[in-house]
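File shown here: start.json, holding JSON, C-alpha atoms and all ligand atoms.
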[["chain", "number", "residue", "atom", "x", "y", "z"],
["A", 20, "MET", "CA", 4.32, -11.20, -17.80],
["A", 21, "THR", "CA", 7.85, -12.38, -17.02],
["A", 22, "GLY", "CA", 7.53, -14.41, -13.81],
["A", 23, "GLN", "CA", 9.38, -11.85, -11.70],
["A", 24, "LEU", "CA", 7.89, -13.30, -8.50],
["A", 25, "GLU", "CA", 7.77, -16.95, -9.57],
["A", 26, "GLY", "CA", 7.55, -19.23, -6.53],
["A", 27, "ARG", "CA", 7.22, -16.34, -4.10],
["A", 28, "VAL", "CA", 4.43, -15.61, -1.64],
["A", 29, "ALA", "CA", 3.13, -12.12, -0.88],
["A", 30, "LEU", "CA", 0.72, -10.70, 1.66],
["A", 31, "ILE", "CA", -0.89, -7.48, 0.48],
["A", 32, "THR", "CA", -3.03, -5.38, 2.82],
["A", 33, "GLY", "CA", -5.95, -3.33, 1.53],
["A", 34, "ALA", "CA", -6.00, -5.60, -1.51],
["A", 35, "GLY", "CA", -9.79, -5.57, -1.82],
["A", 36, "SER", "CA", -9.74, -2.31, -3.79],
["A", 37, "GLY", "CA", -7.74, 0.20, -5.78],
["A", 38, "ILE", "CA", -3.96, -0.03, -5.77],
["A", 39, "GLY", "CA", -3.84, -3.10, -3.51],
["A", 40, "ARG", "CA", -6.14, -5.05, -5.79],
["A", 41, "ALA", "CA", -4.11, -4.07, -8.87],
["A", 42, "ALA", "CA", -0.93, -5.17, -7.08],
["A", 43, "ALA", "CA", -2.47, -8.49, -6.02],
["A", 44, "GLN", "CA", -3.48, -9.20, -9.62],
["A", 45, "ARG", "CA", -0.08, -8.13, -11.01],
["A", 46, "PHE", "CA", 1.93, -10.09, -8.44],
["A", 47, "ALA", "CA", -0.20, -13.18, -9.16],
["A", 48, "ALA", "CA", 0.35, -12.75, -12.89],
["A", 49, "GLU", "CA", 4.10, -12.70, -12.15],
["A", 50, "GLY", "CA", 3.89, -16.15, -10.54],
["A", 51, "CYS", "CA", 3.37, -15.11, -6.90],
["A", 52, "ALA", "CA", 0.83, -16.69, -4.54],
["A", 53, "VAL", "CA", -1.04, -13.85, -2.84],
["A", 54, "ALA", "CA", -2.78, -13.45, 0.52],
["A", 55, "VAL", "CA", -5.39, -10.77, -0.01],
["A", 56, "VAL", "CA", -5.92, -8.94, 3.28],
["A", 57, "ASP", "CA", -8.75, -6.45, 3.65],
["A", 58, "LEU", "CA", -11.14, -5.15, 6.27],
["A", 59, "VAL", "CA", -14.01, -5.93, 3.89],
["A", 60, "ALA", "CA", -14.24, -9.72, 3.50],
["A", 61, "ALA", "CA", -16.34, -9.64, 0.31],
["A", 62, "ALA", "CA", -13.89, -7.25, -1.36],
["A", 63, "ALA", "CA", -10.96, -9.51, -0.48],
["A", 64, "GLN", "CA", -12.82, -12.52, -1.87],
["A", 65, "ASP", "CA", -13.64, -10.62, -5.06],
["A", 66, "THR", "CA", -9.93, -9.94, -5.66],
["A", 67, "VAL", "CA", -9.17, -13.62, -5.01],
["A", 68, "ASP", "CA", -11.87, -14.71, -7.47],
["A", 69, "LYS", "CA", -10.38, -12.48, -10.17],
["A", 70, "ILE", "CA", -6.90, -13.92, -9.59],
["A", 71, "ILE", "CA", -8.10, -17.52, -9.62],
["A", 72, "ALA", "CA", -10.13, -16.88, -12.78],
["A", 73, "ASN", "CA", -6.84, -15.92, -14.43],
["A", 74, "GLY", "CA", -5.08, -19.07, -13.27],
["A", 75, "GLY", "CA", -3.32, -17.51, -10.27],
["A", 76, "ARG", "CA", -3.10, -18.58, -6.64],
["A", 77, "ALA", "CA", -4.64, -16.51, -3.85],
["A", 78, "ILE", "CA", -6.47, -16.71, -0.55],
["A", 79, "ALA", "CA", -8.67, -14.14, 1.17],
["A", 80, "CYS", "CA", -7.68, -13.13, 4.68],
["A", 81, "PRO", "CA", -10.18, -10.63, 6.04],
["A", 82, "ALA", "CA", -8.45, -8.64, 8.79],
["A", 83, "ASN", "CA", -8.21, -5.22, 10.32],
["A", 84, "VAL", "CA", -4.56, -4.14, 10.13],
["A", 85, "THR", "CA", -4.93, -2.23, 13.41],
["A", 86, "ALA", "CA", -5.85, -5.41, 15.35],
["A", 87, "ASP", "CA", -2.76, -7.40, 16.28],
["A", 88, "ALA", "CA", -4.53, -10.77, 16.71],
["A", 89, "GLU", "CA", -6.20, -10.47, 13.28],
["A", 90, "VAL", "CA", -2.92, -9.50, 11.64],
["A", 91, "ARG", "CA", -1.04, -12.41, 13.21],
["A", 92, "SER", "CA", -3.77, -14.81, 12.17],
["A", 93, "ALA", "CA", -3.63, -13.54, 8.55],
["A", 94, "VAL", "CA", 0.14, -14.06, 8.45],
["A", 95, "GLU", "CA", -0.15, -17.56, 9.93],
["A", 96, "ARG", "CA", -2.93, -18.52, 7.49],
["A", 97, "THR", "CA", -0.75, -17.35, 4.60],
["A", 98, "VAL", "CA", 2.20, -19.47, 5.70],
["A", 99, "GLU", "CA", -0.08, -22.47, 6.33],
["A", 100, "ALA", "CA", -1.60, -22.15, 2.86],
["A", 101, "PHE", "CA", 1.55, -21.41, 0.84],
["A", 102, "GLY", "CA", 4.43, -22.60, 3.05],
["A", 103, "ARG", "CA", 6.40, -19.34, 3.19],
["A", 104, "LEU", "CA", 6.21, -15.56, 3.04],
["A", 105, "ASP", "CA", 8.57, -13.49, 0.88],
["A", 106, "VAL", "CA", 6.84, -10.15, 0.41],
["A", 107, "LEU", "CA", 4.72, -7.90, 2.61],
["A", 108, "TYR", "CA", 3.07, -4.93, 0.90],
["A", 109, "ASN", "CA", 1.71, -2.61, 3.59],
["A", 110, "ASN", "CA", -0.76, -0.88, 1.29],
["A", 111, "ALA", "CA", -3.91, -0.49, 3.44],
["A", 112, "GLY", "CA", -4.56, 3.15, 4.22],
["A", 113, "VAL", "CA", -7.27, 5.68, 4.86],
["A", 114, "ASN", "CA", -7.55, 9.38, 4.12],
["A", 115, "SER", "CA", -8.47, 12.11, 6.51],
["A", 116, "SER", "CA", -9.64, 15.63, 5.99],
["A", 117, "GLY", "CA", -9.08, 18.89, 7.76],
["A", 118, "SER", "CA", -6.24, 21.19, 8.67],
["A", 119, "VAL", "CA", -4.68, 21.03, 12.11],
["A", 120, "VAL", "CA", -7.34, 23.56, 13.16],
["A", 121, "ASP", "CA", -10.39, 21.55, 12.18],
["A", 122, "ALA", "CA", -9.30, 17.88, 11.99],
["A", 123, "THR", "CA", -11.06, 15.84, 14.66],
["A", 124, "GLU", "CA", -9.23, 13.73, 17.21],
["A", 125, "ASP", "CA", -11.09, 10.62, 16.03],
["A", 126, "ASP", "CA", -10.03, 11.26, 12.45],
["A", 127, "TRP", "CA", -6.42, 11.78, 13.57],
["A", 128, "ASP", "CA", -6.42, 8.50, 15.54],
["A", 129, "ARG", "CA", -8.01, 6.52, 12.70],
["A", 130, "CYS", "CA", -5.59, 7.89, 10.11],
["A", 131, "MET", "CA", -2.51, 7.26, 12.27],
["A", 132, "GLY", "CA", -3.94, 3.88, 13.29],
["A", 133, "VAL", "CA", -4.47, 2.38, 9.85],
["A", 134, "ASN", "CA", -1.53, 3.98, 8.05],
["A", 135, "VAL", "CA", 1.16, 3.85, 10.74],
["A", 136, "LYS", "CA", 0.17, 1.33, 13.41],
["A", 137, "GLY", "CA", -1.11, -1.03, 10.72],
["A", 138, "THR", "CA", 2.30, -0.93, 9.00],
["A", 139, "PHE", "CA", 4.01, -1.60, 12.33],
["A", 140, "LEU", "CA", 1.76, -4.52, 13.32],
["A", 141, "CYS", "CA", 1.85, -6.25, 9.93],
["A", 142, "SER", "CA", 5.62, -5.88, 9.68],
["A", 143, "ARG", "CA", 6.16, -7.20, 13.20],
["A", 144, "ALA", "CA", 3.97, -10.23, 12.53],
["A", 145, "ALA", "CA", 5.70, -11.00, 9.23],
["A", 146, "VAL", "CA", 9.38, -10.47, 10.05],
["A", 147, "SER", "CA", 10.32, -13.98, 11.19],
["A", 148, "HIS", "CA", 8.76, -15.54, 8.06],
["A", 149, "LEU", "CA", 10.28, -12.93, 5.73],
["A", 150, "ALA", "CA", 13.70, -13.56, 7.27],
["A", 151, "ALA", "CA", 13.27, -17.34, 6.90],
["A", 152, "SER", "CA", 12.42, -17.01, 3.20],
["A", 153, "GLY", "CA", 15.87, -15.68, 2.28],
["A", 154, "SER", "CA", 14.30, -13.15, -0.11],
["A", 155, "GLY", "CA", 12.30, -10.99, 2.27],
["A", 156, "ALA", "CA", 10.99, -7.64, 1.07],
["A", 157, "ILE", "CA", 8.63, -5.15, 2.65],
["A", 158, "VAL", "CA", 7.03, -2.47, 0.50],
["A", 159, "ASN", "CA", 5.33, 0.32, 2.41],
["A", 160, "GLN", "CA", 2.78, 2.71, 0.98],
["A", 161, "ALA", "CA", 3.20, 6.38, 1.75],
["A", 162, "SER", "CA", 2.12, 9.27, -0.51],
["A", 163, "VAL", "CA", 3.29, 12.57, -1.95],
["A", 164, "ALA", "CA", 1.56, 13.87, 1.19],
["A", 165, "ALA", "CA", 4.68, 12.71, 3.05],
["A", 166, "LEU", "CA", 6.83, 15.04, 0.94],
["A", 167, "VAL", "CA", 4.81, 18.24, 0.44],
["A", 168, "GLY", "CA", 2.03, 19.92, 2.39],
["A", 169, "ILE", "CA", -1.40, 19.18, 0.93],
["A", 170, "PRO", "CA", -4.09, 21.63, 2.06],
["A", 171, "ASN", "CA", -6.57, 20.26, 4.63],
["A", 172, "PHE", "CA", -4.86, 16.91, 4.93],
["A", 173, "ALA", "CA", -2.99, 17.33, 8.22],
["A", 174, "ALA", "CA", -3.42, 13.86, 9.72],
["A", 175, "TYR", "CA", -2.78, 12.12, 6.40],
["A", 176, "CYS", "CA", 0.42, 14.14, 5.75],
["A", 177, "ALA", "CA", 1.62, 13.32, 9.27],
["A", 178, "ALA", "CA", 0.75, 9.63, 8.94],
["A", 179, "LYS", "CA", 2.45, 9.18, 5.57],
["A", 180, "GLY", "CA", 5.49, 11.12, 6.79],
["A", 181, "ALA", "CA", 5.66, 8.64, 9.66],
["A", 182, "VAL", "CA", 5.48, 5.73, 7.21],
["A", 183, "VAL", "CA", 8.53, 7.10, 5.36],
["A", 184, "ALA", "CA", 10.46, 7.52, 8.64],
["A", 185, "LEU", "CA", 9.39, 4.05, 9.78],
["A", 186, "THR", "CA", 10.59, 2.61, 6.46],
["A", 187, "ARG", "CA", 14.10, 3.99, 7.00],
["A", 188, "SER", "CA", 14.16, 2.70, 10.56],
["A", 189, "MET", "CA", 12.98, -0.77, 9.49],
["A", 190, "ALA", "CA", 15.46, -0.85, 6.59],
["A", 191, "VAL", "CA", 18.35, -0.35, 9.00],
["A", 192, "ASP", "CA", 17.04, -2.79, 11.62],
["A", 193, "LEU", "CA", 16.04, -5.57, 9.22],
["A", 194, "ALA", "CA", 18.97, -5.49, 6.77],
["A", 195, "PRO", "CA", 21.00, -7.91, 8.93],
["A", 196, "ARG", "CA", 18.06, -10.34, 8.68],
["A", 197, "GLY", "CA", 18.11, -10.16, 4.88],
["A", 198, "ILE", "CA", 14.90, -8.13, 4.58],
["A", 199, "ARG", "CA", 14.78, -5.08, 2.30],
["A", 200, "VAL", "CA", 12.31, -2.33, 3.20],
["A", 201, "ASN", "CA", 11.31, 0.42, 0.77],
["A", 202, "VAL", "CA", 8.45, 2.87, 0.42],
["A", 203, "ILE", "CA", 6.41, 4.24, -2.48],
["A", 204, "CYS", "CA", 5.08, 7.80, -2.50],
["A", 205, "PRO", "CA", 2.31, 7.79, -5.11],
["A", 206, "GLY", "CA", 0.73, 10.91, -6.47],
["A", 207, "THR", "CA", -3.02, 11.02, -7.03],
["A", 208, "VAL", "CA", -4.54, 7.83, -8.41],
["A", 209, "PHE", "CA", -8.24, 7.66, -9.18],
["A", 210, "THR", "CA", -9.56, 5.01, -6.74],
["A", 211, "PRO", "CA", -12.53, 4.76, -4.36],
["A", 212, "LEU", "CA", -10.29, 6.36, -1.70],
["A", 213, "MET", "CA", -9.84, 9.53, -3.74],
["A", 214, "GLU", "CA", -13.26, 9.94, -5.32],
["A", 215, "PRO", "CA", -14.94, 11.82, -2.42],
["A", 216, "LEU", "CA", -11.94, 14.10, -2.08],
["A", 217, "LEU", "CA", -11.81, 14.87, -5.80],
["A", 218, "ARG", "CA", -15.54, 15.54, -5.80],
["A", 219, "ALA", "CA", -15.21, 17.90, -2.82],
["A", 220, "ARG", "CA", -12.31, 19.69, -4.53],
["A", 221, "GLY", "CA", -14.69, 20.42, -7.43],
["A", 222, "ASP", "CA", -17.44, 21.64, -5.05],
["A", 223, "GLY", "CA", -19.44, 18.49, -5.78],
["A", 224, "ASP", "CA", -18.46, 18.24, -9.45],
["A", 225, "LEU", "CA", -16.11, 15.27, -9.98],
["A", 226, "GLU", "CA", -14.89, 16.44, -13.42],
["A", 227, "ALA", "CA", -14.04, 19.88, -12.01],
["A", 228, "GLY", "CA", -12.22, 18.27, -9.09],
["A", 229, "LEU", "CA", -10.26, 16.03, -11.46],
["A", 230, "ALA", "CA", -9.30, 19.03, -13.62],
["A", 231, "LYS", "CA", -8.12, 21.03, -10.58],
["A", 232, "THR", "CA", -5.97, 18.10, -9.49],
["A", 233, "THR", "CA", -4.58, 17.12, -12.89],
["A", 234, "VAL", "CA", -3.19, 20.62, -13.41],
["A", 235, "LYS", "CA", -0.69, 19.91, -10.62],
["A", 236, "TYR", "CA", 0.76, 16.97, -12.56],
["A", 237, "PRO", "CA", 3.41, 17.87, -15.19],
["A", 238, "ILE", "CA", 2.71, 14.58, -16.93],
["A", 239, "GLY", "CA", -0.82, 15.90, -17.60],
["A", 240, "ARG", "CA", -2.84, 13.13, -15.97],
["A", 241, "LEU", "CA", -3.35, 11.22, -12.74],
["A", 242, "GLY", "CA", -1.78, 7.83, -12.09],
["A", 243, "SER", "CA", -3.42, 4.44, -12.45],
["A", 244, "PRO", "CA", -3.51, 1.66, -9.83],
["A", 245, "GLU", "CA", -1.57, -0.52, -12.29],
["A", 246, "GLU", "CA", 1.29, 2.02, -12.46],
["A", 247, "ILE", "CA", 1.70, 1.99, -8.68],
["A", 248, "ALA", "CA", 1.46, -1.82, -8.73],
["A", 249, "SER", "CA", 4.39, -1.83, -11.19],
["A", 250, "ALA", "CA", 6.47, 0.23, -8.75],
["A", 251, "ALA", "CA", 5.55, -2.18, -5.93],
["A", 252, "LEU", "CA", 6.47, -5.16, -8.12],
["A", 253, "PHE", "CA", 9.89, -3.63, -8.83],
["A", 254, "LEU", "CA", 10.60, -3.05, -5.12],
["A", 255, "ALA", "CA", 9.34, -6.53, -4.18],
["A", 256, "SER", "CA", 11.39, -8.29, -6.85],
["A", 257, "ASP", "CA", 15.07, -9.19, -7.20],
["A", 258, "GLN", "CA", 15.36, -6.29, -9.68],
["A", 259, "ALA", "CA", 15.60, -4.09, -6.57],
["A", 260, "SER", "CA", 18.13, -6.29, -4.74],
["A", 261, "PHE", "CA", 20.39, -3.35, -3.74],
["A", 262, "LEU", "CA", 17.52, -1.07, -2.69],
["A", 263, "THR", "CA", 16.62, -0.73, 0.95],
["A", 264, "GLY", "CA", 15.44, 2.39, 2.78],
["A", 265, "SER", "CA", 14.60, 3.96, -0.59],
["A", 266, "VAL", "CA", 11.75, 6.38, -1.14],
["A", 267, "LEU", "CA", 10.33, 5.81, -4.62],
["A", 268, "THR", "CA", 8.20, 8.72, -5.78],
["A", 269, "ALA", "CA", 5.64, 7.69, -8.40],
["A", 270, "ASP", "CA", 3.84, 10.96, -9.04],
["A", 271, "GLY", "CA", 4.04, 12.07, -12.69],
["A", 272, "GLY", "CA", 6.42, 14.85, -11.63],
["A", 273, "MET", "CA", 4.07, 16.42, -9.06],
["A", 274, "THR", "CA", 6.82, 16.91, -6.46],
["A", 275, "ALA", "CA", 9.54, 17.69, -9.03],
["A", 276, "GLN", "CA", 8.38, 21.25, -9.65],
["B", 1, "LIG", "N1", -5.36, 6.78, -4.47],
["B", 1, "LIG", "C1", -4.43, 7.70, -4.32],
["B", 1, "LIG", "O1", -4.45, 8.77, -4.93],
["B", 1, "LIG", "C2", -3.30, 7.45, -3.38],
["B", 1, "LIG", "C3", -2.19, 8.31, -3.43],
["B", 1, "LIG", "C4", -1.14, 8.11, -2.57],
["B", 1, "LIG", "C5", -1.17, 7.06, -1.67],
["B", 1, "LIG", "N2", -2.24, 6.25, -1.63],
["B", 1, "LIG", "C6", -2.24, 5.17, -0.65],
["B", 1, "LIG", "O2", -2.38, 3.94, -1.34],
["B", 1, "LIG", "C7", -3.03, 3.00, -0.49],
["B", 1, "LIG", "C8", -4.21, 2.38, -1.22],
["B", 1, "LIG", "O3", -5.08, 3.42, -1.59],
["B", 1, "LIG", "P1", -6.27, 3.23, -2.63],
["B", 1, "LIG", "O4", -6.42, 4.52, -3.29],
["B", 1, "LIG", "O5", -6.07, 2.00, -3.42],
["B", 1, "LIG", "O6", -7.49, 3.06, -1.60],
["B", 1, "LIG", "P2", -8.84, 2.20, -1.64],
["B", 1, "LIG", "O7", -9.73, 2.87, -0.66],
["B", 1, "LIG", "O8", -9.29, 1.99, -3.03],
["B", 1, "LIG", "O9", -8.35, 0.81, -1.03],
["B", 1, "LIG", "C9", -7.93, 0.72, 0.29],
["B", 1, "LIG", "C10", -8.34, -0.64, 0.83],
["B", 1, "LIG", "O10", -7.85, -0.72, 2.18],
["B", 1, "LIG", "C11", -8.84, -1.35, 2.97],
["B", 1, "LIG", "N3", -8.67, -0.96, 4.37],
["B", 1, "LIG", "C12", -8.95, 0.24, 4.93],
["B", 1, "LIG", "N4", -8.73, 0.18, 6.25],
["B", 1, "LIG", "C13", -8.28, -1.07, 6.52],
["B", 1, "LIG", "C14", -7.90, -1.73, 7.71],
["B", 1, "LIG", "N5", -7.96, -1.11, 8.88],
["B", 1, "LIG", "N6", -7.51, -3.01, 7.63],
["B", 1, "LIG", "C15", -7.48, -3.66, 6.43],
["B", 1, "LIG", "N7", -7.84, -3.08, 5.28],
["B", 1, "LIG", "C16", -8.24, -1.80, 5.33],
["B", 1, "LIG", "C17", -10.15, -0.85, 2.40],
["B", 1, "LIG", "O11", -11.23, -1.71, 2.76],
["B", 1, "LIG", "C18", -9.86, -0.83, 0.91],
["B", 1, "LIG", "O12", -10.23, -2.05, 0.30],
["B", 1, "LIG", "C19", -3.38, 3.75, 0.79],
["B", 1, "LIG", "O13", -2.37, 3.56, 1.75],
["B", 1, "LIG", "C20", -3.39, 5.20, 0.33],
["B", 1, "LIG", "O14", -3.15, 6.10, 1.39],
["B", 1, "LIG", "C21", -3.31, 6.40, -2.47]]

What do you get writing this file as C-alpha cells?
Amino acid sequence: MTGQLEGRVALITGAGSGIGRAAAQRFAAEGCAVAVVDLVAAAAQDTVDKIIANGGRAIACPANVTADAEVRSAVERTVEAFGRLDVLYNNAGVNSSGSVVDATEDDWDRCMGVNVKGTFLCSRAAVSHLAASGSGAIVNQASVAALVGIPNFAAYCAAKGAVVALTRSMAVDLAPRGIRVNVICPGTVFTPLMEPLLRARGDGDLEAGLAKTTVKYPIGRLGSPEEIASAALFLASDQASFLTGSVLTADGGMTAQ
C-alpha cells in the first residue's frame, strides 16, 4: 500500500459488510483512520477489529443512516476521536424487488430512505467538517441500476438514479467549499446484499443465478468488493483532485454494450 490517505479521516457507511467493509480495510491500509458506520453494531465492530488487527485505526459507530440524530452523533464521535473528517463514503444501501406494478409502498420507502435520504443526511451532517479539513471528498454509491433498466428492480433503479442526480447537485453546491463529490456505479458484486437476488434469478440455484448474471458482463465475471473499494479510494484521494460531479462506472463493461 502507498499511503494514499495518510493522515486523513474517513467515515464509511454500511461498512459492516461487503463493499463498505472492503473499503474500510483498504482506506485504513492506506493510512486513513476510519469510522465504521453500520446499522448492525456487531458487524461494525467486526470490521474495526479486522482493521486494528492489521495495525490500522478505526472506531465503530453503529447508526441508522436514515435517522438524523444518529447520523449527527456518528459524525461528531468521528471528529472527537480523530480530530477531523476528510472523506465521507455514502455506501450504505439496500435492494428492493418488484416492478412498478408489484413493488410495495413499504419497499419503495425503505429503498429511497436508505439509499437517497441516507446520502442526504450523512452529507449534510459532514459538510462543515469536510470543508474545514481542506481536502474534503464525498464518494456516493449508486449502481448500474442508475444507468440501465434492470428487470423487477423499480425502486432500486429510481433510488440509485436519484443518488447520481444528487451527486451532481452536491458537486456544484459544495465546490466553492472545497469539497469534491463523485459517484460510483458498480456492476454486480457478490456480497450478502446480492446473494438472495442471485439465488432467485437461478430459481433457487445460486450457481445458475450467478451464470445468468455473469453472461451480461463482457469481462466474463462479476466484480469483487475490493475492486469497488479501489474505485472509492481513487475518488477519495488526491489522485482525483480535478474530479467532481463525475460518474465512475465500475462494471466490467456491463453498460458498454
Ligand atoms: N453488491 C452489488 O452487486 C452492488 C452493485 C451496485 C451497487 N451496490 C451498492 O453498494 C452498496 C453496498 O452494497 P453491498 O453489496 O456491500 O451490501 P451489503 O448488504 O453487503 O452491505 C451493506 C451494509 O449496509 C448496512 N446498512 C443497511 N441499511 C443501513 C442503514 N439504514 N444504516 C446504516 N447501515 C445500513 C448493512 O447492515 C450492511 O452491513 C449499496 O449501496 C449497494 O446498493 C452493490

Item to check | Selection within 6 Å of ligand LIG 1 (chain B) by only C-alpha atoms and all ligand atoms, output as a VMD selection string | outcome: chain A and resid 32 to 39 57 to 59 82 to 85 110 to 113 133 160 to 162 205 to 213

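Checking A:Ile71, A:Leu104, A:Leu193, A:Cys80 one by one against Leu149 in chain A, counting all atoms listed in the file, you find the shortest gap at A:Leu104.
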
Checklist entry - Between CA of Ala184 in chain A and CA of Thr233 in chain A, what is the distance, to one decimal in Å? => result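 It comes out at 28.0 Å.
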
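Atom pair CA of Tyr108 in chain A / CA of Ala275 in chain A: separated by 25.5 Å.
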
Checklist outcome for this item: Of A:Leu166, A:Leu107, A:Val67, A:Ala144, the one nearest to Ala29 in chain A when counting only C-alpha atoms is A:Leu107

Next on the checklist: Just want the 9 Å neighbourhood of Leu24 in chain A, counted on only C-alpha atoms, with same-chain residues fewer than 3 positions away dropped. Output as a ChimeraX atom specification.
Outcome noted: /A:21,27-28,46-52,252,255-257

Checklist outcome for this item: Across A:Cys176, A:Ala230, A:Leu262, A:Cys130, the smallest distance to Val191 in chain A, with only C-alpha atoms counted, is shown by A:Leu262

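Distance check against Arg96 in chain A using all atoms listed in the file: of A:Ala54, A:Arg45, A:Gly223, A:Gly117, the minimum falls on A:Ala54.
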
Next on the checklist: From the options A:Gln44, A:Thr186, A:Ser118, A:Thr66, which residue's atoms come nearest to Leu267 in chain A, counting all atoms listed in the file?
Outcome noted: A:Thr186

Per-residue nearest contacts range 103-192 of chain A to range 87-93 of chain A, cut-off 8 Å, using only C-alpha atoms, as JSON lines:
{"residue": "A:Leu140", "atom": "CA", "partner": "A:Asp87", "partner_atom": "CA", "distance": 6.1}
{"residue": "A:Cys141", "atom": "CA", "partner": "A:Val90", "partner_atom": "CA", "distance": 6.0}
{"residue": "A:Ala144", "atom": "CA", "partner": "A:Arg91", "partner_atom": "CA", "distance": 5.5}
{"residue": "A:Ala145", "atom": "CA", "partner": "A:Arg91", "partner_atom": "CA", "distance": 8.0}

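Closest approach to Gly168 in chain A among A:Ala269, A:Ala250, A:Gly239, A:Thr274: A:Thr274, based on only C-alpha atoms.
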
Item to check | Computed interatomic separation between CA of Arg76 in chain A and CA of Val53 in chain A (Å) | outcome: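 That distance, rounded to one decimal, is 6.4 Å.
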
Next on the checklist: So that I can check the surroundings of Ala156 in chain A, please list as a list in words every protein, DNA and RNA residue that reaches within 7 Å of it, counting only C-alpha atoms and ignoring chain neighbours fewer than 6 positions away.
Outcome noted: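 The residues satisfying every condition are Asp105, Val106, Leu107, Ile198, Arg199, Val200 and Ala255 of chain A.
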
Checklist entry - Near Gln276 in chain A, within 9 Å and counting only C-alpha atoms, which residues show up once chain neighbours fewer than 3 positions away are dropped, as a PyMOL selection string? => result chain A and resi 237+272-273

Item to check | Distance query Arg187 in chain A at most 8 Å, only C-alpha atoms, self and fewer than 6 positions along chain excluded, as a ChimeraX atom specification | outcome: /A:200-201,264-265

Selection file, C-alpha atoms, as a PDB file, keeping the file's coordinate frame:
ATOM      1  CA  VAL A 200      12.310  -2.330   3.200  1.00  0.00           C
ATOM      2  CA  ASN A 201      11.310   0.420   0.770  1.00  0.00           C
ATOM      3  CA  GLY A 264      15.440   2.390   2.780  1.00  0.00           C
ATOM      4  CA  SER A 265      14.600   3.960  -0.590  1.00  0.00           C
TER       5      SER A 265
END

Spatial neighbours of Tyr175 in chain A, 9 Å, only C-alpha atoms, chain gap at least 4 places, as a PDB file with C-alpha atoms, in the coordinates of the input:
ATOM      1  CA  VAL A 113      -7.270   5.680   4.860  1.00  0.00           C
ATOM      2  CA  ASN A 114      -7.550   9.380   4.120  1.00  0.00           C
ATOM      3  CA  SER A 115      -8.470  12.110   6.510  1.00  0.00           C
ATOM      4  CA  SER A 116      -9.640  15.630   5.990  1.00  0.00           C
ATOM      5  CA  TRP A 127      -6.420  11.780  13.570  1.00  0.00           C
ATOM      6  CA  CYS A 130      -5.590   7.890  10.110  1.00  0.00           C
ATOM      7  CA  MET A 131      -2.510   7.260  12.270  1.00  0.00           C
ATOM      8  CA  ASN A 134      -1.530   3.980   8.050  1.00  0.00           C
ATOM      9  CA  SER A 162       2.120   9.270  -0.510  1.00  0.00           C
ATOM     10  CA  ALA A 164       1.560  13.870   1.190  1.00  0.00           C
ATOM     11  CA  ALA A 165       4.680  12.710   3.050  1.00  0.00           C
ATOM     12  CA  LYS A 179       2.450   9.180   5.570  1.00  0.00           C
ATOM     13  CA  GLY A 180       5.490  11.120   6.790  1.00  0.00           C
TER      14      GLY A 180
END

Mind working out the centre and edge lengths of an axis-aligned box for range 51-67 of chain A, all listed atoms inside, 8 Å added to each side, rounded to one decimal in Å and written as AutoDock Vina command-line options?
--center_x -6.5 --center_y -10.9 --center_z -0.3 --size_x 35.7 --size_y 27.5 --size_z 29.2
